[in-house]
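The structure file coords-v4.pdb is reproduced below (PDB, C-alpha atoms).
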```pdb
ATOM      1  CA  MET Z  18       1.448  40.304  15.403  1.00  0.00           C
ATOM      2  CA  PRO Z  19       0.390  36.651  15.038  1.00  0.00           C
ATOM      3  CA  LEU Z  20      -1.198  35.039  18.078  1.00  0.00           C
ATOM      4  CA  ARG Z  21      -0.833  31.475  19.299  1.00  0.00           C
ATOM      5  CA  ALA Z  22      -3.876  29.304  18.876  1.00  0.00           C
ATOM      6  CA  PRO Z  23      -5.345  27.948  22.150  1.00  0.00           C
ATOM      7  CA  ALA Z  24      -7.609  25.591  20.236  1.00  0.00           C
ATOM      8  CA  CYS Z  25     -10.736  24.452  22.039  1.00  0.00           C
ATOM      9  CA  ASP Z  26     -10.682  20.832  20.938  1.00  0.00           C
ATOM     10  CA  SER Z  27      -9.202  18.552  23.592  1.00  0.00           C
ATOM     11  CA  ALA Z  28      -6.331  17.113  21.565  1.00  0.00           C
ATOM     12  CA  ALA Z  29      -5.070  20.536  20.530  1.00  0.00           C
ATOM     13  CA  MET Z  30      -5.387  21.897  24.078  1.00  0.00           C
ATOM     14  CA  ASP Z  31      -3.202  19.117  25.426  1.00  0.00           C
ATOM     15  CA  ASN Z  32      -0.485  20.185  22.965  1.00  0.00           C
ATOM     16  CA  ARG Z  33      -0.785  23.936  23.527  1.00  0.00           C
ATOM     17  CA  HIS Z  34       2.738  24.255  24.916  1.00  0.00           C
ATOM     18  CA  SER Z  35       4.399  23.023  21.709  1.00  0.00           C
ATOM     19  CA  ASN Z  36       5.698  25.524  19.160  1.00  0.00           C
ATOM     20  CA  PRO Z  37       2.749  26.120  16.827  1.00  0.00           C
ATOM     21  CA  PRO Z  38       3.112  27.908  13.504  1.00  0.00           C
ATOM     22  CA  ALA Z  39       2.190  31.578  13.307  1.00  0.00           C
ATOM     23  CA  TRP Z  40      -1.581  32.049  13.455  1.00  0.00           C
ATOM     24  CA  THR Z  41      -3.981  34.872  13.053  1.00  0.00           C
ATOM     25  CA  GLN Z  42      -7.138  34.782  15.172  1.00  0.00           C
ATOM     26  CA  ARG Z  43     -10.384  35.734  13.436  1.00  0.00           C
ATOM     27  CA  PHE Z  44     -13.778  36.259  15.041  1.00  0.00           C
ATOM     28  CA  PHE Z  45     -16.706  35.008  12.944  1.00  0.00           C
ATOM     29  CA  THR Z  46     -20.457  35.419  13.226  1.00  0.00           C
ATOM     30  CA  ALA Z  47     -22.909  33.640  10.949  1.00  0.00           C
ATOM     31  CA  ALA Z  48     -26.670  34.120  11.301  1.00  0.00           C
ATOM     32  CA  LEU Z  49     -29.681  32.368   9.837  1.00  0.00           C
ATOM     33  CA  GLU Z  50     -32.239  34.336   7.853  1.00  0.00           C
ATOM     34  CA  ASP Z  51     -35.098  33.241  10.104  1.00  0.00           C
ATOM     35  CA  GLU Z  52     -34.481  34.880  13.488  1.00  0.00           C
ATOM     36  CA  LEU Z  53     -36.940  32.455  15.125  1.00  0.00           C
ATOM     37  CA  SER Z  54     -35.203  29.384  13.742  1.00  0.00           C
ATOM     38  CA  THR Z  55     -33.639  26.810  16.033  1.00  0.00           C
ATOM     39  CA  ALA Z  56     -31.940  24.944  13.177  1.00  0.00           C
ATOM     40  CA  LEU Z  57     -28.384  25.389  14.443  1.00  0.00           C
ATOM     41  CA  THR Z  58     -29.000  23.849  17.862  1.00  0.00           C
ATOM     42  CA  GLU Z  59     -31.406  21.231  16.459  1.00  0.00           C
ATOM     43  CA  HIS Z  60     -28.682  20.144  14.050  1.00  0.00           C
ATOM     44  CA  ALA Z  61     -25.581  20.927  16.120  1.00  0.00           C
ATOM     45  CA  ASP Z  62     -24.012  17.542  15.302  1.00  0.00           C
ATOM     46  CA  THR Z  63     -24.441  18.222  11.581  1.00  0.00           C
ATOM     47  CA  LEU Z  64     -22.896  21.650  12.027  1.00  0.00           C
ATOM     48  CA  ARG Z  65     -19.924  20.118  13.873  1.00  0.00           C
ATOM     49  CA  LEU Z  66     -19.446  17.610  11.042  1.00  0.00           C
ATOM     50  CA  ALA Z  67     -19.578  20.441   8.505  1.00  0.00           C
ATOM     51  CA  PHE Z  68     -16.853  22.261  10.465  1.00  0.00           C
ATOM     52  CA  ARG Z  69     -14.682  19.111  10.455  1.00  0.00           C
ATOM     53  CA  ALA Z  70     -15.155  18.568   6.718  1.00  0.00           C
ATOM     54  CA  CYS Z  71     -14.388  22.210   6.071  1.00  0.00           C
ATOM     55  CA  ARG Z  72     -11.247  22.015   8.238  1.00  0.00           C
ATOM     56  CA  ASP Z  73     -10.003  19.095   6.131  1.00  0.00           C
ATOM     57  CA  ARG Z  74     -10.075  21.302   3.026  1.00  0.00           C
ATOM     58  CA  TYR Z  75      -9.225  24.703   4.543  1.00  0.00           C
ATOM     59  CA  PRO Z  76      -7.078  24.163   7.672  1.00  0.00           C
ATOM     60  CA  PHE Z  77      -7.922  25.989  10.886  1.00  0.00           C
ATOM     61  CA  GLU Z  78      -8.089  25.398  14.607  1.00  0.00           C
ATOM     62  CA  MET Z  79     -11.164  26.306  16.628  1.00  0.00           C
ATOM     63  CA  THR Z  80     -10.111  28.634  19.438  1.00  0.00           C
ATOM     64  CA  ALA Z  81     -13.604  29.187  20.870  1.00  0.00           C
ATOM     65  CA  GLY Z  82     -17.171  28.840  19.715  1.00  0.00           C
ATOM     66  CA  VAL Z  83     -20.820  28.859  20.631  1.00  0.00           C
ATOM     67  CA  ILE Z  84     -23.839  27.619  18.715  1.00  0.00           C
ATOM     68  CA  LEU Z  85     -27.114  29.412  19.432  1.00  0.00           C
ATOM     69  CA  PRO Z  86     -30.484  28.540  17.885  1.00  0.00           C
ATOM     70  CA  ASN Z  87     -30.224  31.033  14.995  1.00  0.00           C
ATOM     71  CA  HIS Z  88     -26.590  32.152  14.901  1.00  0.00           C
ATOM     72  CA  LEU Z  89     -23.103  31.144  15.884  1.00  0.00           C
ATOM     73  CA  HIS Z  90     -19.902  32.857  16.942  1.00  0.00           C
ATOM     74  CA  CYS Z  91     -16.458  31.372  16.748  1.00  0.00           C
ATOM     75  CA  ILE Z  92     -12.829  32.292  16.761  1.00  0.00           C
ATOM     76  CA  LEU Z  93     -10.746  30.408  14.257  1.00  0.00           C
ATOM     77  CA  ALA Z  94      -6.968  30.305  14.304  1.00  0.00           C
ATOM     78  CA  LEU Z  95      -5.872  30.490  10.689  1.00  0.00           C
ATOM     79  CA  PRO Z  96      -2.422  30.397   9.131  1.00  0.00           C
ATOM     80  CA  VAL Z  97      -1.148  33.975   8.773  1.00  0.00           C
ATOM     81  CA  ASP Z  98      -1.163  33.768   4.971  1.00  0.00           C
ATOM     82  CA  ASP Z  99      -4.686  32.255   4.813  1.00  0.00           C
ATOM     83  CA  ASN Z 100      -6.894  33.772   2.114  1.00  0.00           C
ATOM     84  CA  ALA Z 101      -9.680  31.185   2.041  1.00  0.00           C
ATOM     85  CA  GLY Z 102     -12.134  32.978   4.360  1.00  0.00           C
ATOM     86  CA  ILE Z 103     -15.052  33.301   1.960  1.00  0.00           C
ATOM     87  CA  ALA Z 104     -14.471  29.866   0.416  1.00  0.00           C
ATOM     88  CA  ARG Z 105     -14.297  28.302   3.895  1.00  0.00           C
ATOM     89  CA  TRP Z 106     -17.657  29.771   4.932  1.00  0.00           C
ATOM     90  CA  ARG Z 107     -19.350  28.993   1.620  1.00  0.00           C
ATOM     91  CA  LEU Z 108     -18.306  25.373   2.010  1.00  0.00           C
ATOM     92  CA  LEU Z 109     -19.415  25.218   5.643  1.00  0.00           C
ATOM     93  CA  GLN Z 110     -22.775  26.823   4.923  1.00  0.00           C
ATOM     94  CA  GLY Z 111     -23.281  24.704   1.806  1.00  0.00           C
ATOM     95  CA  LEU Z 112     -22.555  21.447   3.641  1.00  0.00           C
ATOM     96  CA  PHE Z 113     -24.960  22.393   6.426  1.00  0.00           C
ATOM     97  CA  GLN Z 114     -27.703  23.438   3.984  1.00  0.00           C
ATOM     98  CA  ARG Z 115     -27.297  20.257   1.952  1.00  0.00           C
ATOM     99  CA  VAL Z 116     -27.999  18.077   4.992  1.00  0.00           C
ATOM    100  CA  VAL Z 117     -30.530  20.249   6.831  1.00  0.00           C
ATOM    101  CA  GLY Z 118     -32.268  21.829   3.858  1.00  0.00           C
ATOM    102  CA  GLY Z 119     -33.538  25.360   3.722  1.00  0.00           C
ATOM    103  CA  GLY Z 120     -32.256  26.282   0.284  1.00  0.00           C
ATOM    104  CA  ARG Z 121     -30.231  29.330  -0.617  1.00  0.00           C
ATOM    105  CA  GLY Z 122     -32.055  31.639   1.791  1.00  0.00           C
ATOM    106  CA  LEU Z 123     -31.081  29.767   4.959  1.00  0.00           C
ATOM    107  CA  TRP Z 124     -28.236  32.134   5.910  1.00  0.00           C
ATOM    108  CA  ARG Z 125     -28.707  35.867   6.448  1.00  0.00           C
ATOM    109  CA  SER Z 126     -25.274  37.192   7.244  1.00  0.00           C
ATOM    110  CA  PHE Z 127     -21.651  36.397   7.756  1.00  0.00           C
ATOM    111  CA  GLU Z 128     -19.118  38.676   9.421  1.00  0.00           C
ATOM    112  CA  GLU Z 129     -15.399  38.258   9.968  1.00  0.00           C
ATOM    113  CA  GLU Z 130     -12.982  40.347  12.012  1.00  0.00           C
ATOM    114  CA  THR Z 131      -9.261  39.890  12.632  1.00  0.00           C
ATOM    115  CA  LEU Z 132      -8.330  40.085  16.312  1.00  0.00           C
ATOM    116  CA  ARG Z 133      -5.346  42.351  16.932  1.00  0.00           C
ATOM    117  CA  ASP Z 134      -3.873  41.145  20.209  1.00  0.00           C
ATOM    118  CA  GLU Z 135      -4.206  38.820  23.206  1.00  0.00           C
ATOM    119  CA  THR Z 136      -6.477  41.220  25.113  1.00  0.00           C
ATOM    120  CA  GLU Z 137      -8.925  41.423  22.230  1.00  0.00           C
ATOM    121  CA  LEU Z 138      -8.762  37.633  21.833  1.00  0.00           C
ATOM    122  CA  GLN Z 139      -9.596  37.024  25.507  1.00  0.00           C
ATOM    123  CA  ASP Z 140     -12.419  39.601  25.401  1.00  0.00           C
ATOM    124  CA  ARG Z 141     -13.976  37.850  22.400  1.00  0.00           C
ATOM    125  CA  ILE Z 142     -13.613  34.411  24.000  1.00  0.00           C
ATOM    126  CA  ASP Z 143     -15.523  35.726  27.027  1.00  0.00           C
ATOM    127  CA  TYR Z 144     -18.114  37.342  24.737  1.00  0.00           C
ATOM    128  CA  ILE Z 145     -18.650  33.987  22.995  1.00  0.00           C
ATOM    129  CA  HIS Z 146     -19.022  32.075  26.253  1.00  0.00           C
ATOM    130  CA  ALA Z 147     -21.431  34.641  27.730  1.00  0.00           C
ATOM    131  CA  ASP Z 148     -23.666  34.952  24.649  1.00  0.00           C
ATOM    132  CA  PRO Z 149     -26.260  32.318  25.664  1.00  0.00           C
ATOM    133  CA  VAL Z 150     -26.917  34.307  28.861  1.00  0.00           C
ATOM    134  CA  ARG Z 151     -27.192  37.591  26.959  1.00  0.00           C
ATOM    135  CA  HIS Z 152     -29.861  35.977  24.768  1.00  0.00           C
ATOM    136  CA  GLY Z 153     -31.801  34.676  27.769  1.00  0.00           C
ATOM    137  CA  LEU Z 154     -31.225  31.004  26.955  1.00  0.00           C
ATOM    138  CA  VAL Z 155     -29.611  30.063  30.298  1.00  0.00           C
ATOM    139  CA  ARG Z 156     -28.823  31.702  33.643  1.00  0.00           C
ATOM    140  CA  THR Z 157     -25.138  30.813  33.626  1.00  0.00           C
ATOM    141  CA  PRO Z 158     -22.783  30.172  30.680  1.00  0.00           C
ATOM    142  CA  LYS Z 159     -21.771  26.679  31.808  1.00  0.00           C
ATOM    143  CA  ASN Z 160     -25.396  25.530  31.444  1.00  0.00           C
ATOM    144  CA  TRP Z 161     -25.325  26.033  27.663  1.00  0.00           C
ATOM    145  CA  PRO Z 162     -24.351  22.704  26.024  1.00  0.00           C
ATOM    146  CA  PHE Z 163     -23.173  24.135  22.671  1.00  0.00           C
ATOM    147  CA  SER Z 164     -20.176  26.119  23.914  1.00  0.00           C
ATOM    148  CA  SER Z 165     -16.421  25.729  24.040  1.00  0.00           C
ATOM    149  CA  LEU Z 166     -16.577  26.963  27.640  1.00  0.00           C
ATOM    150  CA  HIS Z 167     -16.772  23.319  28.739  1.00  0.00           C
ATOM    151  CA  ALA Z 168     -13.388  22.565  27.123  1.00  0.00           C
ATOM    152  CA  TYR Z 169     -11.915  25.744  28.626  1.00  0.00           C
ATOM    153  CA  ILE Z 170     -13.036  24.654  32.100  1.00  0.00           C
ATOM    154  CA  GLN Z 171     -11.826  21.077  31.555  1.00  0.00           C
ATOM    155  CA  HIS Z 172      -8.361  22.318  30.582  1.00  0.00           C
ATOM    156  CA  GLY Z 173      -8.091  24.913  33.341  1.00  0.00           C
ATOM    157  CA  LEU Z 174      -8.377  27.935  31.033  1.00  0.00           C
ATOM    158  CA  ARG Z 175     -11.480  29.186  32.877  1.00  0.00           C
ATOM    159  CA  PRO Z 176     -12.592  28.396  36.440  1.00  0.00           C
ATOM    160  CA  LEU Z 177     -15.428  25.926  37.015  1.00  0.00           C
ATOM    161  CA  TYR Z 178     -17.881  28.644  37.988  1.00  0.00           C
ATOM    162  CA  TRP Z 179     -16.812  31.220  35.390  1.00  0.00           C
ATOM    163  CA  SER Z 180     -19.650  33.604  34.704  1.00  0.00           C
ATOM    164  CA  GLY Z 181     -18.038  36.423  32.772  1.00  0.00           C
ATOM    165  CA  ASP Z 182     -20.043  38.688  35.070  1.00  0.00           C
ATOM    166  CA  VAL Z 183     -23.066  38.119  32.810  1.00  0.00           C
ATOM    167  CA  GLU Z 184     -25.478  37.356  35.620  1.00  0.00           C
ATOM    168  CA  ARG Z 185     -24.947  40.848  37.066  1.00  0.00           C
ATOM    169  CA  ARG Z 186     -24.859  42.608  33.700  1.00  0.00           C
ATOM    170  CA  TYR Z 187     -27.707  40.750  31.969  1.00  0.00           C
ATOM    171  CA  GLY Z 188     -29.675  39.291  34.889  1.00  0.00           C
ATOM    172  CA  ALA Z 189     -32.975  40.826  33.819  1.00  0.00           C
ATOM    173  CA  ARG Z 190     -32.799  39.048  30.471  1.00  0.00           C
ATOM    174  CA  VAL Z 191     -31.819  35.552  31.585  1.00  0.00           C
ATOM    175  CA  ALA Z 192     -33.993  32.479  31.230  1.00  0.00           C
ATOM    176  CA  ALA Z 193     -35.910  31.101  34.181  1.00  0.00           C
TER     177      ALA Z 193
END
```
Can the structure in the file be given as structure tokens, please?
Amino acid sequence: MPLRAPACDSAAMDNRHSNPPAWTQRFFTAALEDELSTALTEHADTLRLAFRACRDRYPFEMTAGVILPNHLHCILALPVDDNAGIARWRLLQGLFQRVVGGGRGLWRSFEEETLRDETELQDRIDYIHADPVRHGLVRTPKNWPFSSLHAYIQHGLRPLYWSGDVERRYGARVAA
């Protein structure tokens, strides 16, 4: 069953009550080869531009996303009949590599998973927003600057002090 796309960019969120086309929600993870790299957060603006350029060629809406130093997670709302998954990520990764450098070995892995229903979608959105805490980068998800959580809070989709219960579950691993 196709899901509606609650896109995380502000313009799309303001129009979320219109009748959007049928979408399928896909959860993506892309990781850099160097696990100690901070290239994604150091070049977050470049990565955002690569996403925009990629979206111009292969349409999608960003439902949720987080950029961590060496990997990213996002949920993209894609047209139900979309078959450009690999081409979309090759373009995105290629654009990023071209600007940042790093050659062909910059990226280690790419994973994609179709989300089946609204419950799974909401669980993955919370997973994305809590990931910086799980990795010990911040104490609370709203303190991570490279997250769609800020747009979710701004548009009333998550409360201001949303924590996803990560402080209790991952407290021993959080940053000081």
Exercise for the section: Rounded to one decimal place, report the CA of Phe127 (chain Z)-CA of Asn100 (chain Z) distance in Å. Expected result: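 Atom-to-atom, CA of Phe127 (chain Z) to CA of Asn100 (chain Z), that is 16.0 Å.
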Problem - Given the PyMOL selection byres ((chain Z and resi 159) around 9), the residues it picks as a list in words - result: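 Evaluating the PyMOL selection byres ((chain Z and resi 159) around 9) on these coordinates yields His146, Ala147, Val155, Arg156, Thr157, Pro158, Asn160, Trp161, Pro162, Ser164, Leu166, His167, Ile170, Leu177, Tyr178, Trp179 and Ser180 of chain Z.
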Practice task
Go ahead and compute the interatomic distance for CA of Ala104 (chain Z) and CA of Gln139 (chain Z), in Å to one decimal.
Solution key: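 That distance, rounded to one decimal, is 26.5 Å.
Nearest to Ala39 (chain Z) of all the residues Z:Asp73, Z:Asp51, Z:Asp99, Z:Asp62 is Z:Asp99, based on only C-alpha atoms.
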Problem - Expected selection from the PyMOL selection byres ((chain Z and resi 113) around 10), given as a list in words - result: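 In the shown coordinates, the PyMOL selection byres ((chain Z and resi 113) around 10) covers Leu57, His60, Ala61, Thr63, Leu64, Arg65, Leu66, Ala67, Phe68, Arg107, Leu108, Leu109, Gln110, Gly111, Leu112, Gln114, Arg115, Val116, Val117, Gly118, Gly119 and Leu123 of chain Z.
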Practice task
Let me know the residues the PyMOL selection byres ((chain Z and resi 136-138) around 12) catches in the file above, as a ChimeraX atom specification.
Solution key: /Z:19-23,41-44,80-81,91-94,130-135,139-145
